Every structure is written in C-alpha cells, then in structure tokens.
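Visitor: Following this message is one structure expressed as structure tokens.
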Amino acid sequence: MKRMLLMFMIVMVSCTVCHADSDERYAIVTDKDNIQSEVRGLQSSSQYNDRWENIYDPFICMYDSSLCIAVPIKHIISLRLENGKYLMEYIYGGNNLKFSGLLDEYVKFSGETDFGDFSLPGNTLLSITFSSPPVEEPQAEQAEYPHVIELENETRIPVRIESRTDHFYDTTGYIMGGETYTHHYTDFRFKRGQAELTVPFEDIASLEFTFEGPYVAPGEVVVTLKNGKTTTGQLYAADTMEFGGLSGVCEKGYFYIHGRNIKKVFFVADQQ
C-alpha cells in the first residue's frame with residue numbers, strides 16, 4: 001500500500017512539473033522568411049546594453065531620434081516591424097505604452113527551442129509575440145521625474161537621472177586595437193584649464209552644453225550650482241575616456257540619451 005501511494009505521489013509531482021513547463025511564458029519569434037520559432041528564455045545582446053546598470057532582467061532596447069529606451073522582456077506585449085520601424089507594445093508603471101523606433105544594428109536574439117539553441121540577428125526579425133500576457137508591473141502611486149533634459153531640437157523630457165555614463169577605451173594587452181568599457185557615476189566631470197573637476201549631481205542646478213562638431217568633444221559646458229555659482233569648462237575626451245550620456249527613468253521607462261543630443265539639463269525646478 002505504501003509503495004502504491006509513493007508511486008502515485010511521484011506521478012502527481014511529475015504531472016505538476018510538466019504542467020508548470022507548459023505554462024512557462026515563451027516568445028514566438030518570426031523572422032523575415034516568415035519562419036516561426038517558440039523560444040524559451042529569450043534574451044537580446046546589443047552594443048547599448050551596458051548603458052544601464054540598474055536593470056536586472058533581460059531586456060530589449062530601441063531608439064528614436066530623441067532617446068534610447070530599454071524594456072524588460074517580461075513586460076513586453078509584442079514587437080513587430082511596421083513601415084520600416086519596429087513598434088513595441090509594453091507595460092510600464094501600470095500603463096500600456098507604445099514606442100516606435102529602431103533596433104541596434106548589431107543586436108542579436110537568443111534562447112532555447114525544442115530543436116536546440118536559438119540565435120537570430122536583429123536585422124532579420126519580423127516580429128515577437130508571447131504565449132501569455134506580460135507580467136503586470138505595480139502601478140506607481142505618483143511617478144516623480146524631478147529633472148528635465150532639453151535636447152538639441154529643444155524637446156524637453158521630464159526624467160529622473162540616475163547616472164552619467166562614461167566610455168573607457170583600454171589598449172592594455174593589445175598589440176593593435178583595444179576594448180571599450182562603460183562606467184556609471186552619480187556626478188558630472190569636466191575640465192577647467194588643466195584641472196579636472198567632479199561635481200555630485202545633488203550639488204548641480206543646471207548644465208548647458210555647446211558643441212563644436214558632431215562629437216561630444218571638443219565642446220563646452222556651463223555648470224551652475226545650487227548655491228548660485230557658475231563656471232564654464234570643457235567636456236573631456238582624452239584618448240581613453242569620454243562622456244557618453246545620461247540614463248535613468250522617464251514616462252516611457254528606462255532611458256539613455258547620448259551626450260551629443262543634450263542641450264541643457266535642469267536638476268532643480270526653478271531652473272526649468
């Protein structure tokens with residue numbers, strides 16, 4: 001009797017495990033040949049993935065002329081190619097949102113299928129849908145975006161800035177070439193004369209940029225502190241280090257804006 005009961009329990013546990021596997025949310029990925037694949041554990045790799053340090057789940061990033069956003073895959077409803085751009089539908093802050101833009105040209109999607117490991121270059125993607133609805137994100141009582149970034153085209157975006165992104169090019173151990181690393185800081189760094197200055201975000205009232213060409217440097221920045229003091233300096237771009245941009249959250253979700261696209265940054269309301 002005990003033996004039969006034990007076998008019954010094993011069968012029940014096995015059935016429960018099988019049922020859990022069948023309920024796992026998976027992606028239905030369609031390529032431009034209209035071939036569909038059921039992909040478990042979908043992930044994306046992109047040259048932009050290191051722009052954020054505070055996203056702990058796999059995500060997909062997209063960009064338009066203003067900003068780059070990153071959306072955790074568990075919150076995505078669908079992603080599909082429409083009229084030369086990708087339209088992403090997703091949930092953020094309890095709201096259903098849409099974002100139209102482009103994928104990084106080097107992005108690659110990966111995961112597992114019944115037929116082995118899955119890998120798909122992003123430029124061959126037609127659409128991604130899912131077997132079940134996305135994970136509902138708790139709705140914030142009142143989202144706070146205390147900062148404002150003004151772009152070169154004078155568009156203003158309310159945000160909460162969380163970090164400055166720097167890119168460091170390291171040639172150590174390379175006969176030719178090197179490798180780029182990304183670091184995140186909660187301060188702003190610039191040069192005045194031969195001195196390098198670093199100011200914590202909490203001390204800054206505003207930043208105003210002037211660029212001389214298509215790149216971040218050479219360029220100037222006017223730094224105004226909350227105590228009213230102002231100075232002008234240069235954006236640094238040594239052979240190995242450069243100011244990349246700013247990242248944080250906005251009403252569309254996690255954002256990153258390249259430094260060259262930023263005209264002004266306001267950290268306090270009375271400066272806006």
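Residue numbering restarts at 1 for every chain of the structure tokens, chains are lettered A, B, ... in their displayed order, and ligands are numbered from 1 as they appear.
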Where in region 147-207 of chain A does DSSP assign strand (DSSP E), given as a CSV table (one decimal) with N, CA and C atoms, in the first residue's frame?
Guide:
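Result file follows (result.csv):
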chain,number,residue,atom,x,y,z
A,147,HIS,N,13.8,66.0,-12.8
A,147,HIS,CA,14.8,66.6,-13.7
A,147,HIS,C,14.2,66.8,-15.1
A,148,VAL,N,14.8,67.7,-15.8
A,148,VAL,CA,14.4,67.9,-17.2
A,148,VAL,C,15.6,67.9,-18.1
A,149,ILE,N,15.6,67.1,-19.2
A,149,ILE,CA,16.7,67.2,-20.2
A,149,ILE,C,16.1,67.8,-21.5
A,150,GLU,N,16.8,68.9,-21.9
A,150,GLU,CA,16.4,69.6,-23.1
A,150,GLU,C,17.3,69.1,-24.2
A,151,LEU,N,16.8,68.6,-25.3
A,151,LEU,CA,17.6,68.1,-26.4
A,151,LEU,C,18.0,69.2,-27.4
A,156,ARG,N,11.8,68.9,-24.6
A,156,ARG,CA,12.1,68.7,-23.2
A,156,ARG,C,11.5,67.5,-22.7
A,157,ILE,N,12.3,66.7,-21.9
A,157,ILE,CA,11.8,65.4,-21.4
A,157,ILE,C,11.9,65.4,-19.9
A,158,PRO,N,10.8,65.3,-19.2
A,158,PRO,CA,10.9,65.1,-17.7
A,158,PRO,C,11.5,63.7,-17.4
A,159,VAL,N,12.5,63.7,-16.5
A,159,VAL,CA,13.2,62.4,-16.2
A,159,VAL,C,13.6,62.4,-14.8
A,160,ARG,N,14.1,61.2,-14.3
A,160,ARG,CA,14.8,61.1,-13.1
A,160,ARG,C,16.2,60.5,-13.5
A,161,ILE,N,17.2,61.4,-13.4
A,161,ILE,CA,18.5,61.0,-13.8
A,161,ILE,C,19.2,60.1,-12.7
A,162,GLU,N,19.7,59.0,-13.1
A,162,GLU,CA,20.3,58.1,-12.2
A,162,GLU,C,21.8,57.9,-12.3
A,163,SER,N,22.3,58.1,-13.5
A,163,SER,CA,23.7,58.0,-13.7
A,163,SER,C,24.3,58.7,-14.9
A,164,ARG,N,25.5,59.1,-14.9
A,164,ARG,CA,26.3,59.5,-16.0
A,164,ARG,C,27.1,58.3,-16.6
A,165,THR,N,27.1,58.2,-17.9
A,165,THR,CA,27.8,57.1,-18.5
A,165,THR,C,29.1,57.6,-19.2
A,166,ASP,N,30.2,56.9,-18.8
A,166,ASP,CA,31.5,57.2,-19.5
A,166,ASP,C,31.9,55.9,-20.2
A,167,HIS,N,32.6,56.2,-21.3
A,167,HIS,CA,33.2,55.1,-22.1
A,167,HIS,C,34.7,55.1,-22.0
A,168,PHE,N,35.3,54.0,-21.6
A,168,PHE,CA,36.8,54.0,-21.4
A,168,PHE,C,37.3,53.0,-22.4
A,169,TYR,N,38.3,53.4,-23.2
A,169,TYR,CA,38.9,52.6,-24.2
A,169,TYR,C,40.3,52.1,-23.7
A,170,ASP,N,40.4,50.8,-23.5
A,170,ASP,CA,41.6,50.3,-22.9
A,170,ASP,C,42.4,49.5,-23.9
A,179,GLU,N,39.7,47.5,-26.2
A,179,GLU,CA,38.3,47.2,-25.8
A,179,GLU,C,37.7,48.4,-25.1
A,180,THR,N,36.4,48.6,-25.3
A,180,THR,CA,35.7,49.7,-24.7
A,180,THR,C,34.9,49.2,-23.5
A,181,TYR,N,35.1,49.9,-22.4
A,181,TYR,CA,34.3,49.6,-21.1
A,181,TYR,C,33.4,50.8,-20.8
A,182,THR,N,32.3,50.5,-20.2
A,182,THR,CA,31.4,51.5,-19.8
A,182,THR,C,31.3,51.6,-18.2
A,183,HIS,N,31.3,52.8,-17.7
A,183,HIS,CA,31.2,53.0,-16.3
A,183,HIS,C,30.1,54.0,-16.0
A,184,HIS,N,29.5,53.8,-14.8
A,184,HIS,CA,28.4,54.7,-14.4
A,184,HIS,C,28.7,55.5,-13.1
A,185,TYR,N,28.4,56.8,-13.1
A,185,TYR,CA,28.7,57.6,-12.0
A,185,TYR,C,27.5,58.5,-11.7
A,187,ASP,N,27.7,61.7,-10.7
A,187,ASP,CA,28.3,63.0,-10.7
A,187,ASP,C,28.6,63.5,-12.1
A,188,PHE,N,29.1,64.7,-12.2
A,188,PHE,CA,29.4,65.2,-13.6
A,188,PHE,C,30.9,65.6,-13.6
A,189,ARG,N,31.6,65.3,-14.6
A,189,ARG,CA,33.0,65.5,-14.7
A,189,ARG,C,33.3,66.4,-15.9
A,190,PHE,N,34.2,67.4,-15.7
A,190,PHE,CA,34.6,68.3,-16.8
A,190,PHE,C,35.9,68.9,-16.5
A,191,LYS,N,36.5,69.6,-17.4
A,191,LYS,CA,37.8,70.2,-17.2
A,191,LYS,C,37.7,71.7,-17.3
A,192,ARG,N,38.5,72.4,-16.4
A,192,ARG,CA,38.7,73.8,-16.4
A,192,ARG,C,40.2,74.1,-16.4
A,195,ALA,N,42.8,71.5,-14.9
A,195,ALA,CA,42.2,70.8,-13.8
A,195,ALA,C,41.0,70.0,-14.2
A,196,GLU,N,40.8,68.8,-13.6
A,196,GLU,CA,39.6,68.0,-13.8
A,196,GLU,C,38.7,68.2,-12.6
A,197,LEU,N,37.5,68.5,-12.8
A,197,LEU,CA,36.5,68.8,-11.7
A,197,LEU,C,35.4,67.8,-11.8
A,198,THR,N,35.0,67.3,-10.6
A,198,THR,CA,33.9,66.3,-10.5
A,198,THR,C,32.9,66.9,-9.5
A,199,VAL,N,31.6,67.1,-9.9
A,199,VAL,CA,30.6,67.6,-9.1
A,199,VAL,C,29.5,66.6,-8.9
A,200,PRO,N,29.1,66.3,-7.6
A,200,PRO,CA,27.9,65.4,-7.4
A,200,PRO,C,26.6,66.0,-8.0
A,204,ILE,N,24.3,70.2,-8.3
A,204,ILE,CA,24.1,70.9,-9.6
A,204,ILE,C,22.7,71.4,-9.8
A,205,ALA,N,22.6,72.6,-10.2
A,205,ALA,CA,21.3,73.2,-10.6
A,205,ALA,C,21.0,73.0,-12.1
A,206,SER,N,22.0,73.2,-12.9
A,206,SER,CA,21.8,73.0,-14.4
A,206,SER,C,23.2,72.8,-15.1
A,207,LEU,N,23.1,72.2,-16.3
A,207,LEU,CA,24.2,72.1,-17.2
A,207,LEU,C,23.7,72.6,-18.5
Visitor: For Phe109 (chain A), work out the shell of residues within 6 Å, counting only C-alpha atoms and skipping chain neighbours fewer than 6 positions away, then give it as a list in words.
Guide: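 Residues meeting the cut-off are Gln43, Ser44, Ser119 and Leu120 of chain A.
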Visitor: For the residues in the current selection, export C-alpha atoms as a PDB file, in the first residue's frame.
Guide:
ATOM      1  CA  GLN A  43      17.424  37.417 -24.436  1.00  0.00           C
ATOM      2  CA  SER A  44      18.926  40.159 -26.564  1.00  0.00           C
ATOM      3  CA  SER A 119      20.205  32.691 -32.360  1.00  0.00           C
ATOM      4  CA  LEU A 120      18.780  35.348 -34.684  1.00  0.00           C
TER       5      LEU A 120
END
Visitor: What is the distance, in Å and to one decimal place, between CA of Phe266 (chain A) and CA of Pro146 (chain A)?
Guide: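 Taking CA of Phe266 (chain A) as the start and CA of Pro146 (chain A) as the end point, the length is 8.8 Å.
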Visitor: Would you mind telling me which residue in A:Tyr92, A:Asp33, A:Phe99, A:Gly173 lies nearest to Leu126 (chain A) when using only C-alpha atoms?
Guide: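 Among A:Tyr92, A:Asp33, A:Phe99, A:Gly173, it is A:Asp33 that comes nearest to Leu126 (chain A).
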Visitor: Between CA of Ile76 (chain A) and CA of Met88 (chain A), what is the spacing in Å?
Guide: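 Computing the Euclidean distance for CA of Met88 (chain A) and CA of Ile76 (chain A) yields 7.4 Å.
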Visitor: For each of A:Val107, A:Ile73, A:Ile91, A:Met62, take the minimum atom-to-atom distance to Glu136 (chain A), counting only C-alpha atoms, then give the residue where this is smallest.
Guide: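 Between A:Val107, A:Ile73, A:Ile91, A:Met62, the residue approaching Glu136 (chain A) most closely is A:Ile91.
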Visitor: I need the residue nearest Leu125 (chain A) from this list: A:Tyr86, A:Tyr145, A:Tyr26, A:Tyr63. Use only C-alpha atoms for the distance.
Guide: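 Between A:Tyr86, A:Tyr145, A:Tyr26, A:Tyr63, the residue approaching Leu125 (chain A) most closely is A:Tyr86.
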Visitor: Near region 58-61 of chain A, counting only C-alpha atoms, which residues have an atom at most 10 Å away, once you skip same-chain residues fewer than 5 positions from it, shown as a PyMOL selection string?
Guide: chain A and resi 41-49+51+68-76+79+88+101-104+107+109+254-256
Visitor: Can you tell me, as a PyMOL selection string, what residues are no more than 8 Å from Ser131 (chain A) when counting only C-alpha atoms, ignoring any on the same chain fewer than 4 positions away?
Guide: chain A and resi 25-28
Visitor: A:Asn96, A:Thr30, A:Ser37, A:Thr155: which is nearest Thr124 (chain A), counting only C-alpha atoms?
Guide: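 Distance minimum relative to Thr124 (chain A) lands on A:Thr30.
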